[in-house]
Each structure stands twice: as structure tokens, then as C-alpha cells.
file protein05.txt (compact mmCIF, C-alpha atoms and all ligand atoms)
# COMPACT_ATOMS: atom_id res chain seq x y z
CA MET K 190 0.00 0.00 0.00
CA PRO K 191 1.24 3.52 -0.71
CA ILE K 192 1.93 5.83 2.22
CA ALA K 193 1.23 9.56 2.31
CA ASP K 194 3.94 12.07 3.20
CA LEU K 195 1.28 14.42 4.45
CA ILE K 196 -2.45 14.37 5.15
CA ILE K 197 -4.58 17.49 5.60
CA GLU K 198 -7.61 16.69 7.73
CA ASN K 199 -10.52 18.13 9.75
CA ALA K 200 -11.00 21.04 7.32
CA ALA K 201 -14.34 22.85 7.46
CA GLN K 202 -14.27 22.89 3.65
CA ILE K 203 -12.03 21.64 0.89
CA ILE K 204 -12.70 23.47 -2.39
CA ARG K 205 -12.05 21.64 -5.63
CA PHE K 206 -13.33 21.59 -9.20
CA GLU K 207 -14.44 19.01 -11.70
CA TRP K 208 -14.70 19.86 -15.42
CA ARG K 209 -18.26 19.60 -16.72
CA GLY K 210 -18.03 21.68 -19.88
CA ASN K 211 -21.41 22.95 -21.01
CA GLU K 212 -23.56 21.49 -18.24
CA PRO K 213 -25.83 24.04 -16.57
CA GLY K 214 -25.12 25.10 -13.01
CA THR K 215 -21.35 25.13 -13.43
CA VAL K 216 -18.91 27.94 -12.70
CA MET K 217 -17.38 28.63 -16.12
CA GLY K 218 -17.68 24.93 -16.93
CA TRP K 219 -16.32 23.74 -13.56
CA ASP K 220 -18.39 21.95 -10.96
CA PHE K 221 -17.52 23.89 -7.80
CA GLN K 222 -17.28 21.28 -5.05
CA ILE K 223 -17.35 22.05 -1.34
CA LEU K 224 -16.19 18.95 0.55
CA GLU K 225 -16.87 18.47 4.25
CA ASN K 226 -15.61 15.60 6.46
CA SER K 227 -12.91 15.13 3.87
CA ALA K 228 -9.14 14.97 3.73
CA VAL K 229 -6.30 15.27 1.21
CA ALA K 230 -3.40 12.83 1.02
CA VAL K 231 -0.15 14.03 -0.53
CA GLN K 232 2.62 11.83 -1.81
CA ALA K 233 5.84 12.74 -3.63
CA GLY K 234 4.72 16.33 -4.19
CA ARG K 235 1.38 15.41 -5.75
CA THR K 236 -2.16 15.05 -4.53
CA ALA K 237 -2.61 11.30 -4.14
CA ALA K 238 -6.21 11.23 -2.96
CA VAL K 239 -9.00 13.54 -1.85
CA GLY K 240 -12.23 12.39 -0.27
CA ASN K 241 -13.77 10.82 2.81
CA GLN K 242 -11.57 11.51 5.82
CA ALA K 243 -11.91 8.11 7.52
CA GLU K 244 -11.05 6.28 4.30
CA ILE K 245 -8.10 8.54 3.49
CA HIS K 246 -6.73 8.05 7.00
CA ARG K 247 -7.18 4.26 6.83
CA ASP K 248 -5.59 3.94 3.38
CA TRP K 249 -2.78 6.51 3.48
CA PHE K 250 -1.65 7.15 7.08
CA ARG K 251 1.40 5.44 8.66
CA GLN K 252 2.66 6.43 12.08
CA GLY K 253 6.14 7.94 11.93
CA ILE K 254 5.98 8.60 8.18
CA THR K 255 2.88 10.69 7.52
CA GLU K 256 2.75 14.25 8.76
CA ILE K 257 -0.76 15.36 9.79
CA VAL K 258 -1.85 18.92 9.13
CA ASP K 259 -4.87 19.74 11.26
CA ALA K 260 -7.09 22.20 9.38
CA ARG K 261 -9.82 22.38 12.02
CA ARG K 262 -12.04 25.49 11.57
CA LYS K 263 -10.10 26.28 8.41
CA ILE K 264 -10.62 25.84 4.67
CA VAL K 265 -8.34 24.37 2.02
CA LEU K 266 -8.09 25.86 -1.48
CA PRO K 267 -5.80 25.22 -4.43
CA GLY K 268 -2.85 27.64 -4.33
CA PHE K 269 -3.56 30.83 -6.26
CA VAL K 270 -2.18 31.03 -9.80
CA ASP K 271 -1.36 34.69 -10.52
CA SER K 272 -1.07 34.62 -14.30
CA HIS K 273 -0.03 38.25 -14.96
CA THR K 274 2.72 40.03 -12.98
CA HIS K 275 5.67 42.38 -13.60
CA PRO K 276 7.97 41.67 -10.61
CA VAL K 277 11.40 42.38 -12.17
CA PHE K 278 12.09 45.98 -11.14
CA MET K 279 14.42 47.66 -8.70
CA ASN K 280 12.68 50.49 -6.88
CA THR K 281 9.11 51.08 -5.89
CA ARG K 282 7.50 54.36 -7.01
CA GLU K 283 5.64 55.67 -3.96
CA GLN K 284 6.84 59.28 -4.44
CA GLU K 285 5.24 59.26 -7.86
CA PHE K 286 2.08 57.92 -6.25
CA GLU K 287 2.09 60.86 -3.84
CA SER K 288 2.60 63.33 -6.73
CA ARG K 289 -0.33 61.77 -8.51
CA LEU K 290 -2.51 62.23 -5.42
CA GLN K 291 -1.47 65.90 -5.40
CA GLY K 292 -2.82 66.28 -8.90
CA LYS K 293 0.22 65.81 -11.14
CA THR K 294 -0.59 64.09 -14.42
CA TYR K 295 1.17 61.01 -15.73
CA GLU K 296 2.83 63.20 -18.40
CA GLU K 297 4.19 65.63 -15.77
CA ILE K 298 5.50 62.75 -13.70
CA ALA K 299 7.11 61.23 -16.78
CA ALA K 300 8.71 64.58 -17.69
CA LEU K 301 10.34 64.61 -14.24
CA GLY K 302 11.90 61.22 -14.97
CA GLY K 303 9.20 59.17 -13.26
CA GLY K 304 6.86 56.57 -14.67
CA ILE K 305 8.08 53.53 -16.58
CA ARG K 306 11.31 55.40 -17.44
CA SER K 307 12.46 55.28 -13.83
CA SER K 308 11.85 51.54 -13.70
CA ILE K 309 13.80 51.07 -16.93
CA ARG K 310 16.72 53.09 -15.58
CA GLY K 311 16.62 51.00 -12.40
CA VAL K 312 16.77 47.65 -14.18
CA ARG K 313 19.45 48.74 -16.66
CA GLU K 314 21.73 50.00 -13.88
CA ALA K 315 21.17 47.12 -11.45
CA SER K 316 23.42 44.10 -11.17
CA LYS K 317 21.85 40.69 -11.58
CA GLU K 318 22.42 39.99 -7.89
CA GLU K 319 20.64 43.16 -6.78
CA LEU K 320 17.67 42.40 -8.98
CA LEU K 321 17.54 38.77 -7.88
CA GLU K 322 17.48 39.79 -4.24
CA ARG K 323 14.48 42.08 -4.86
CA VAL K 324 12.64 39.46 -6.87
CA LEU K 325 13.19 36.76 -4.25
CA ARG K 326 11.80 38.99 -1.53
CA ARG K 327 8.73 39.64 -3.69
CA MET K 328 8.30 35.89 -4.18
CA ASP K 329 8.21 35.48 -0.37
CA ARG K 330 5.32 37.95 -0.29
CA PHE K 331 3.44 36.02 -2.99
CA ILE K 332 3.74 32.80 -0.97
CA GLU K 333 2.62 34.54 2.23
CA LEU K 334 -0.54 35.63 0.42
CA GLY K 335 -1.28 32.12 -0.85
CA THR K 336 0.07 32.33 -4.41
CA THR K 337 1.98 29.20 -5.41
CA THR K 338 2.53 29.94 -9.13
CA VAL K 339 3.21 33.29 -10.80
CA GLU K 340 3.62 34.22 -14.41
CA ALA K 341 6.35 36.90 -14.44
CA LYS K 342 7.23 39.27 -17.25
CA SER K 343 10.42 41.03 -18.18
CA GLY K 344 9.82 44.44 -19.77
CA TYR K 345 11.62 47.04 -17.65
CA GLY K 346 14.90 46.53 -19.49
CA LEU K 347 14.03 47.25 -23.13
CA SER K 348 17.56 46.55 -24.30
CA PHE K 349 19.05 43.21 -25.25
CA GLU K 350 21.26 43.05 -22.13
CA ALA K 351 18.66 44.27 -19.65
CA GLU K 352 15.88 42.05 -21.00
CA ILE K 353 18.04 38.94 -20.97
CA LYS K 354 19.26 39.89 -17.49
CA SER K 355 15.64 40.19 -16.31
CA LEU K 356 14.79 36.75 -17.70
CA GLU K 357 17.93 35.22 -16.14
CA VAL K 358 16.89 36.68 -12.80
CA LEU K 359 13.50 34.96 -13.18
CA ARG K 360 15.21 31.66 -14.03
CA ASP K 361 17.51 31.95 -10.99
CA ALA K 362 14.62 32.96 -8.72
CA ASN K 363 12.60 29.98 -9.93
CA GLU K 364 15.48 27.67 -9.02
CA ALA K 365 16.13 29.26 -5.64
CA HIS K 366 12.55 29.71 -4.44
CA PRO K 367 9.76 27.21 -3.71
CA ILE K 368 7.25 29.20 -5.82
CA THR K 369 6.85 28.29 -9.51
CA ILE K 370 7.69 31.16 -11.89
CA VAL K 371 6.49 31.01 -15.50
CA PRO K 372 8.62 33.50 -17.49
CA THR K 373 7.30 35.78 -20.21
CA PHE K 374 9.35 38.00 -22.52
CA LEU K 375 7.85 41.51 -22.65
CA GLY K 376 10.48 43.45 -24.56
CA ALA K 377 7.51 45.08 -26.30
CA HIS K 378 6.30 46.77 -23.11
CA GLU K 379 7.15 50.24 -24.48
CA VAL K 380 9.42 51.73 -27.12
CA PRO K 381 12.61 52.84 -25.33
CA ASP K 382 13.57 56.53 -25.59
CA GLU K 383 16.63 55.92 -27.76
CA TYR K 384 14.41 54.32 -30.42
CA ARG K 385 11.54 56.84 -30.35
CA ARG K 386 12.41 58.25 -33.77
CA ARG K 387 13.17 54.88 -35.32
CA ARG K 388 10.75 52.48 -33.75
CA GLU K 389 11.00 50.04 -36.69
CA ASP K 390 14.61 49.45 -35.63
CA TYR K 391 13.51 48.48 -32.14
CA ILE K 392 10.82 46.17 -33.52
CA ARG K 393 13.48 44.58 -35.69
CA LEU K 394 15.70 44.15 -32.62
CA LEU K 395 12.79 42.41 -30.90
CA THR K 396 11.91 40.10 -33.77
CA ASP K 397 15.39 39.31 -35.08
CA VAL K 398 17.55 39.31 -31.95
CA MET K 399 15.79 39.41 -28.60
CA ILE K 400 12.96 36.95 -29.22
CA PRO K 401 15.19 34.29 -30.82
CA ALA K 402 17.69 34.68 -27.94
CA ALA K 403 15.05 34.49 -25.18
CA ALA K 404 13.49 31.43 -26.78
CA GLY K 405 16.78 29.81 -27.80
CA GLN K 406 18.18 30.01 -24.28
CA LYS K 407 14.85 28.74 -22.93
CA LEU K 408 14.52 31.87 -20.80
CA ALA K 409 10.90 32.50 -21.74
CA GLU K 410 7.83 30.38 -22.32
CA TYR K 411 5.58 33.21 -23.53
CA CYS K 412 5.94 36.45 -25.44
CA ASP K 413 3.72 39.39 -24.51
CA VAL K 414 3.08 42.68 -26.32
CA TYR K 415 1.57 45.88 -24.94
CA CYS K 416 -0.90 46.47 -27.74
CA GLU K 417 -2.34 49.95 -27.18
CA GLN K 418 -2.86 53.21 -29.01
CA GLY K 419 0.45 55.10 -28.81
CA VAL K 420 2.44 52.02 -27.76
CA TYR K 421 2.35 49.05 -30.19
CA SER K 422 -0.31 49.06 -32.90
CA ALA K 423 -2.17 45.91 -33.88
CA ALA K 424 -0.06 45.72 -37.07
CA GLU K 425 3.20 45.95 -35.09
CA THR K 426 1.89 43.44 -32.55
CA ARG K 427 1.16 41.02 -35.37
CA LYS K 428 4.76 41.30 -36.58
CA ILE K 429 6.21 40.71 -33.10
CA CYS K 430 3.86 37.79 -32.44
CA ALA K 431 4.82 36.16 -35.73
CA ALA K 432 8.48 36.14 -34.63
CA ALA K 433 7.51 34.81 -31.21
CA ARG K 434 5.51 31.99 -32.69
CA GLU K 435 8.29 31.15 -35.11
CA ALA K 436 10.65 30.91 -32.10
CA GLY K 437 8.22 28.56 -30.36
CA LEU K 438 6.88 30.93 -27.72
CA GLY K 439 3.23 31.03 -26.65
CA LEU K 440 1.41 34.36 -26.92
CA LYS K 441 -0.08 36.64 -24.30
CA ILE K 442 -1.30 40.11 -25.20
CA HIS K 443 -2.07 43.27 -23.20
CA ALA K 444 -5.20 44.33 -25.10
CA ASP K 445 -7.84 47.07 -24.98
CA GLN K 446 -6.73 48.60 -21.69
CA PHE K 447 -7.37 52.25 -22.57
CA HIS K 448 -8.62 52.06 -26.16
CA ALA K 449 -10.21 49.41 -28.33
CA ALA K 450 -7.49 49.25 -30.97
CA GLY K 451 -8.28 45.90 -32.56
CA CYS K 452 -5.91 44.08 -30.21
CA THR K 453 -8.42 41.60 -28.76
CA GLU K 454 -9.55 40.64 -32.25
CA LEU K 455 -5.91 40.15 -33.27
CA ALA K 456 -5.11 38.10 -30.15
CA ALA K 457 -8.12 35.86 -30.81
CA GLU K 458 -7.07 35.41 -34.43
CA LEU K 459 -3.51 34.49 -33.41
CA GLY K 460 -4.74 32.00 -30.80
CA ALA K 461 -3.09 33.78 -27.87
CA VAL K 462 -3.24 31.67 -24.73
CA SER K 463 -4.52 34.73 -22.89
CA VAL K 464 -5.77 38.21 -23.68
CA ASP K 465 -5.22 40.49 -20.71
CA HIS K 466 -6.90 43.71 -19.44
CA LEU K 467 -9.98 44.09 -21.76
CA GLU K 468 -11.30 47.20 -20.01
CA GLN K 469 -12.41 48.61 -23.39
CA VAL K 470 -13.25 45.38 -25.21
CA THR K 471 -16.01 45.76 -27.80
CA GLU K 472 -18.98 43.47 -28.52
CA GLU K 473 -17.07 42.27 -31.55
CA GLY K 474 -14.04 41.54 -29.36
CA VAL K 475 -16.13 39.45 -26.96
CA GLU K 476 -17.63 37.59 -29.89
CA ARG K 477 -14.18 36.77 -31.30
CA LEU K 478 -12.92 35.68 -27.89
CA ARG K 479 -15.73 33.21 -27.37
CA HIS K 480 -14.61 31.23 -30.40
CA SER K 481 -10.87 31.57 -29.83
CA GLY K 482 -10.10 29.40 -26.79
CA SER K 483 -8.10 32.30 -25.33
CA VAL K 484 -8.48 33.05 -21.64
CA ALA K 485 -9.64 36.58 -20.74
CA THR K 486 -7.38 37.67 -17.88
CA LEU K 487 -8.92 40.53 -15.91
CA LEU K 488 -6.76 42.83 -13.77
CA PRO K 489 -8.99 44.84 -11.45
CA GLY K 490 -6.06 45.96 -9.26
CA SER K 491 -4.70 48.26 -11.94
CA VAL K 492 -8.14 49.74 -12.75
CA PHE K 493 -8.62 50.44 -9.04
CA PHE K 494 -5.17 51.93 -8.50
CA ILE K 495 -5.24 54.33 -11.42
CA GLY K 496 -8.55 55.56 -10.02
CA SER K 497 -10.60 54.54 -13.04
CA ASP K 498 -14.07 53.04 -13.03
CA SER K 499 -13.68 51.29 -16.38
CA TYR K 500 -13.64 47.71 -15.16
CA PRO K 501 -13.70 44.99 -17.80
CA PRO K 502 -17.14 43.50 -18.52
CA ALA K 503 -16.69 40.27 -16.56
CA ARG K 504 -20.38 39.29 -16.58
CA LYS K 505 -20.65 39.76 -20.33
CA LEU K 506 -17.53 37.65 -20.89
CA ILE K 507 -18.67 34.87 -18.54
CA GLU K 508 -22.16 34.83 -20.04
CA ALA K 509 -20.64 34.59 -23.51
CA GLY K 510 -18.75 31.49 -22.37
CA VAL K 511 -15.29 33.06 -22.43
CA PRO K 512 -13.00 31.54 -19.75
CA VAL K 513 -12.14 34.33 -17.31
CA ALA K 514 -9.07 34.47 -15.05
CA LEU K 515 -8.10 37.04 -12.42
CA ALA K 516 -4.55 38.28 -11.80
CA THR K 517 -2.88 41.09 -9.83
CA ASP K 518 -0.89 42.79 -12.64
CA PHE K 519 1.63 43.40 -9.82
CA ASN K 520 3.88 46.27 -11.00
CA PRO K 521 5.36 49.41 -9.42
CA GLY K 522 3.37 51.92 -11.49
CA SER K 523 -0.26 50.89 -11.65
CA SER K 524 -0.81 47.88 -9.36
CA MET K 525 1.38 47.61 -6.30
CA THR K 526 -0.41 44.60 -4.87
CA GLN K 527 0.43 40.92 -4.73
CA SER K 528 -2.84 39.87 -3.15
CA MET K 529 -5.08 37.48 -5.06
CA PRO K 530 -7.65 37.52 -2.22
CA LEU K 531 -7.96 41.28 -2.75
CA MET K 532 -8.56 40.64 -6.47
CA THR K 533 -11.49 38.38 -5.52
CA THR K 534 -12.95 41.29 -3.52
CA PHE K 535 -12.54 43.70 -6.44
CA ALA K 536 -14.01 41.08 -8.79
CA GLY K 537 -17.11 40.96 -6.61
CA ILE K 538 -17.56 44.65 -5.87
CA PHE K 539 -16.63 46.12 -9.26
CA MET K 540 -17.35 43.31 -11.71
CA LYS K 541 -20.19 41.44 -9.95
CA MET K 542 -18.41 38.11 -10.00
CA THR K 543 -19.61 35.67 -7.34
CA PRO K 544 -17.17 34.40 -4.69
CA ALA K 545 -17.17 30.98 -6.42
CA GLU K 546 -16.42 32.55 -9.82
CA ALA K 547 -13.64 34.67 -8.34
CA ILE K 548 -12.02 31.63 -6.73
CA VAL K 549 -12.23 29.58 -9.93
CA ALA K 550 -10.80 32.57 -11.85
CA SER K 551 -7.89 32.85 -9.39
CA THR K 552 -6.89 29.19 -9.43
CA ILE K 553 -7.80 26.75 -12.21
CA GLN K 554 -8.53 29.51 -14.77
CA GLY K 555 -5.17 31.13 -13.98
CA ALA K 556 -3.65 27.72 -14.66
CA LYS K 557 -5.52 27.63 -17.98
CA ALA K 558 -4.00 31.02 -18.84
CA LEU K 559 -0.61 29.28 -18.51
CA ARG K 560 -1.70 26.03 -20.21
CA ARG K 561 -1.25 24.16 -16.93
CA GLU K 562 -4.85 23.33 -16.06
CA ASN K 563 -4.01 19.62 -15.85
CA GLU K 564 -1.13 20.26 -13.48
CA ILE K 565 -1.98 23.07 -11.03
CA GLY K 566 -4.91 25.15 -9.78
CA ASN K 567 -7.00 22.27 -8.44
CA ILE K 568 -7.01 19.71 -5.63
CA SER K 569 -7.28 16.54 -7.60
CA LYS K 570 -5.48 13.23 -7.92
CA GLY K 571 -2.21 13.64 -9.84
CA TYR K 572 -2.15 17.43 -9.58
CA ARG K 573 0.82 19.13 -8.03
CA ALA K 574 0.14 19.44 -4.29
CA ASP K 575 -0.06 23.24 -4.17
CA MET K 576 -2.62 24.21 -1.53
CA VAL K 577 -3.44 27.01 0.85
CA ILE K 578 -5.10 26.66 4.23
CA PHE K 579 -7.07 29.75 5.25
CA ASP K 580 -8.16 30.74 8.70
CA ALA K 581 -11.78 30.95 7.53
CA GLY K 582 -14.91 28.86 8.01
CA ASN K 583 -16.10 29.03 4.40
CA TYR K 584 -14.93 30.16 0.97
CA GLN K 585 -17.08 33.31 0.87
CA MET K 586 -14.75 34.72 3.54
CA ILE K 587 -11.99 35.08 0.91
CA PRO K 588 -13.51 38.05 -0.97
CA TYR K 589 -15.46 39.25 2.08
CA TYR K 590 -12.46 39.83 4.33
CA PHE K 591 -10.42 42.39 2.41
CA GLY K 592 -7.14 44.07 3.17
CA GLY K 593 -5.97 41.44 5.63
CA ASN K 594 -4.38 38.04 5.23
CA LEU K 595 -6.22 34.89 6.25
CA VAL K 596 -3.50 32.52 5.03
CA SER K 597 -2.59 30.04 7.73
CA SER K 598 -0.30 27.62 5.82
CA VAL K 599 0.90 27.19 2.28
CA ILE K 600 1.77 23.80 0.82
CA LYS K 601 3.92 23.86 -2.30
CA ASN K 602 4.88 20.66 -4.11
CA GLY K 603 3.66 18.78 -1.03
CA LYS K 604 5.83 20.69 1.44
CA ILE K 605 4.77 23.27 4.00
CA VAL K 606 6.57 26.45 2.96
CA ASN K 607 4.93 28.96 5.24
CA ARG K 608 3.18 28.31 8.51
CA ARG K 609 1.94 30.83 10.99
CA SER K 610 1.49 29.86 14.62
ZN ZN K 701 0.56 44.11 -17.25
call {"tool": "encode", "arguments": {"input": "protein05.txt", "output": "C-alpha cells", "more": "lines below"}}
Ligand SMILES: [Zn+2]
result
Amino acid sequence: MPIADLIIENAAQIIRFEWRGNEPGTVMGWDFQILENSAVAVQAGRTAAVGNQAEIHRDWFRQGITEIVDARRKIVLPGFVDSHTHPVFMNTREQEFESRLQGKTYEEIAALGGGIRSSIRGVREASKEELLERVLRRMDRFIELGTTTVEAKSGYGLSFEAEIKSLEVLRDANEAHPITIVPTFLGAHEVPDEYRRRREDYIRLLTDVMIPAAAGQKLAEYCDVYCEQGVYSAAETRKICAAAREAGLGLKIHADQFHAAGCTELAAELGAVSVDHLEQVTEEGVERLRHSGSVATLLPGSVFFIGSDSYPPARKLIEAGVPVALATDFNPGSSMTQSMPLMTTFAGIFMKMTPAEAIVASTIQGAKALRRENEIGNISKGYRADMVIFDAGNYQMIPYYFGGNLVSSVIKNGKIVNRRS
């Protein structure tokens, strides 16, 4: 008989999902299951069994081998999958935040050397070690808040050296830290100042040099483009994506954040694994998405923090059958938060998503946005044992209790990586 390394028992609720596709009563196709009197057995980093507590204990427990985690009066969820973050930067930008509160515009702040320019300067000047140290500390914060997998983008380097350095930092952080980091190349985050008058040259640098290098050295799994009026047009995005695809990278696209510029339609046409932002998505864009298989990744933290009320139309997307994920968009300019629980609150208040939808969108749908829905984001036999135990009696507490942290323990690859007394 197999023996578990770890058993989680006595939980008030274990939340898990079962794919049901088009059946009515599902949460975006997932049967949202709330298990009571149940336990989870973990073996060799994977979930070995989930179900009736007495049976799990009888079949999987051996004295002296199996560690018991008592989740009495607590709930167990899959670890959060934050599928859109920008964690590779040096300094935070709180002074700029204060200036903004005092009424300075983004243009005025940029003219004073703030904005994305200050982050680019920071990354270019930093050593790899300095950057790595910052990124590792940020990964600690993600774990403390219950996130066990993050997608992480480069994009504050915007030169060959600084972009490759950013991706190497992500690789090294992934090796050194228990969290899983999925790296994305975002050299097309902006056009750097030195290329302003010859942007075609920068696009050529992206397509002919940077993308092949990032893919060739296996430093990135995805390529992302900031497709937006005044940044990269849909036509330029198409060019960059063609090079990314040719190099074997998956596609993710920042689309329709401030303007509907045809980016969602393009992303759907190109079969992007996710289309992110969508604050300004049109009816036509929603229609294209529903047939594309792309995940719509919504980022309410950045809408909130820039003080806008243009939240993406989550209900319309869900009702159209588009798979919706939630992510933090963690970045020093427009979303200085690493909290997925807070995103579930915003999803409820501003986008009218139910607590169950928000939890599905933060776990298994985030996994789908990274093409890992058979590996992470669920508590199911064979899945990676990434779980979070919350000091809460039911799952509705997650969006309800905002601004605090209910995480009690985090289990990553079957090991407890953070436990509060
Ligand atoms: Zn972003």
C-alpha cells in the first residue's frame, strides 16, 4: 500500500473543481465542489487522494511517516495562480504615487523622470544579484498571500542586455525559491527613448535578436506585447507575435486597456493563450474571444489603482462562455499589490463576480492562462500538491475579508513552505 507524506484533515471545507463543460449550473464549466468531512493525502509532491476523511486516513496514514496537518475550523483551497505580474524591477514608485494624489498628471511625472522610465533606468543600472534579491523577496510575499505559481514578465529593461538579465533573474529565482515562476518576454512593453524616432529598428531588434535569444536560451515560455494606441499598434503586434511563434513561444497580449485598438480581435485570431486587461473590449471583441479558446485575464487591481471606473465587462464575458481568469498585474506603477484575495474582492464589488467565480478565476482559470490546467490550480489526484489553508470557516470569507491576510499555511509541491502559529 502507498503511504502519504502528508495528510490534511478536519477542514471545514475543501474546495475543488471538476470539469463539466457545457452542463448548466457550473462555474465557467467547472463543478464547484465544497467537501466536508474530507481529507487530502499528498505523496511525492502530488495530490494522491482527496475524499472521505476516515477512508483517506485508513488507506494513506502510517505512524512515523505521515505528517498530519490539522485544518480544524479552516478551509483548504488550491494555491492561487497569478497569471499576470511584472515583478522584475528595482525600486518602488511611492513618491510618484504621492505626486499623482497631489494632482500631477502622468505626463508631468514622466517629464520629471518618473513613470516607466524610472523603472527602466533602475533595471538597466542594477546588477543581476541586486535584482535577484528584490525578486526573491517579492516571491516570499506572494507565498505569504497564498500564491503558489506566478507568471512573471520582463519588460523594464528594453535593451538586449537588460531584457536577458531580467529573464535570467527569473530563471535563478525559480530555481532558488519554492514558488513556480512562468517567465514571459515583454520586450515590447514600451518603445525605449533611444528608439523613439526609429521604432521600426527596435521592432526589428525584438523580432530578429531578442525573441530568438530568449526562446533559444529557454529563458521565456511566452511572449507578450503591450498592444495599445500610442504604444504598439495591432499591425506591429502582429509582426512581433509572428516572430515569437516562429521561435516557439506562446502568446499573451495586453489588449484594450485604454482604447479598443483591434488588439483583442488580433489576439483571438492568433490564438493567444490569454488576452489580458480588456477594459475597453467591444462586442465584436467578446464575440471573437468566445470562439478563440483564449483566456480573458482581468486585472482589477490596476483599474482600481489608477482611479478609473472602467472595469472589464466580466459578466458579459462569462455569459458569452469566455474563460475568465483574475490576476494582480503586480507592478510598481499601476498595481502595487500581490494579493489574489484582494482581487477576488474587487471582482465581486466592481465586476459582480460571485465568490465561487472569483475563486475559480484565481486558481484553475489562472492555470488555464498558462496552459497548466491539468497540473496546477485544483485539488485533484495527480495534480501538483499546491494548496493554501485559510483561517476561515467558508470560501465566501476570501472576498469578504479584504485588506488582511487569512492565510494560515501554504503547501507547495507537497511541502509546507509557510506556517503561521
Ligand atoms: Zn501588465
call {"tool": "residues_near_ligand", "arguments": {"input": "protein05.txt", "ligand": "ligand ZN 701 (chain K)", "cutoff": "7 Å", "atoms": "only C-alpha atoms and all ligand atoms", "output": "PyMOL selection string"}}
result
chain K and resi 273-275+443+518
call {"tool": "closest_residue", "arguments": {"input": "protein05.txt", "among": "K:Gly419, K:Pro367, K:Gly510, K:Pro501", "to": "Ser483 in chain K", "atoms": "only C-alpha atoms"}}
result
K:Gly510
call {"tool": "residues_around", "arguments": {"input": "protein05.txt", "residues": "range 378-381 of chain K", "least_positions_apart": "4", "cutoff": "9 Å", "atoms": "all atoms listed in the file", "output": "count of residues only"}}
result
19
call {"tool": "closest_residue", "arguments": {"input": "protein05.txt", "among": "K:Glu383, K:Glu285, K:Glu410, K:Glu458", "to": "Leu438 in chain K", "atoms": "only C-alpha atoms"}}
result
K:Glu410
call {"tool": "closest_residue", "arguments": {"input": "protein05.txt", "among": "K:Ala362, K:Val277, K:Val312, K:Met576", "to": "Phe374 in chain K", "atoms": "only C-alpha atoms"}}
result
K:Val277
call {"tool": "residues_around", "arguments": {"input": "protein05.txt", "residues": "Ile257 in chain K", "least_positions_apart": "3", "cutoff": "8 Å", "atoms": "all atoms listed in the file", "output": "compact mmCIF listing (two decimals) with C-alpha atoms, keeping the file's coordinate frame"}}
result
# COMPACT_ATOMS: atom_id res chain seq x y z
CA LEU K 195 1.28 14.42 4.45
CA ILE K 196 -2.45 14.37 5.15
CA ILE K 197 -4.58 17.49 5.60
CA GLU K 198 -7.61 16.69 7.73
call {"tool": "decode", "arguments": {"input": "protein05.txt", "residues": "range 267-278 of chain K", "atoms": "N, CA and C atoms", "output": "CSV table (one decimal), in the first residue's frame"}}
result
chain,number,residue,atom,x,y,z
K,267,PRO,N,-7.0,25.3,-3.6
K,267,PRO,CA,-5.8,25.2,-4.4
K,267,PRO,C,-5.0,26.5,-4.3
K,268,GLY,N,-3.7,26.4,-4.4
K,268,GLY,CA,-2.9,27.6,-4.3
K,268,GLY,C,-3.3,28.6,-5.5
K,269,PHE,N,-3.2,29.9,-5.2
K,269,PHE,CA,-3.6,30.8,-6.3
K,269,PHE,C,-2.5,30.8,-7.4
K,270,VAL,N,-3.0,30.9,-8.6
K,270,VAL,CA,-2.2,31.0,-9.8
K,270,VAL,C,-2.3,32.5,-10.3
K,271,ASP,N,-1.3,33.3,-10.1
K,271,ASP,CA,-1.4,34.7,-10.5
K,271,ASP,C,-0.7,34.8,-11.9
K,272,SER,N,-1.6,34.8,-12.9
K,272,SER,CA,-1.1,34.6,-14.3
K,272,SER,C,-0.7,35.9,-15.0
K,273,HIS,N,-0.5,37.0,-14.3
K,273,HIS,CA,0.0,38.2,-15.0
K,273,HIS,C,0.6,39.1,-13.9
K,274,THR,N,2.0,39.2,-13.9
K,274,THR,CA,2.7,40.0,-13.0
K,274,THR,C,4.0,40.6,-13.7
K,275,HIS,N,4.4,41.7,-13.1
K,275,HIS,CA,5.7,42.4,-13.6
K,275,HIS,C,6.6,42.6,-12.4
K,276,PRO,N,7.2,41.5,-11.9
K,276,PRO,CA,8.0,41.7,-10.6
K,276,PRO,C,9.4,42.0,-10.8
K,277,VAL,N,10.0,42.1,-12.0
K,277,VAL,CA,11.4,42.4,-12.2
K,277,VAL,C,11.7,43.9,-12.3
K,278,PHE,N,11.7,44.6,-11.2
K,278,PHE,CA,12.1,46.0,-11.1
K,278,PHE,C,12.9,46.2,-9.9
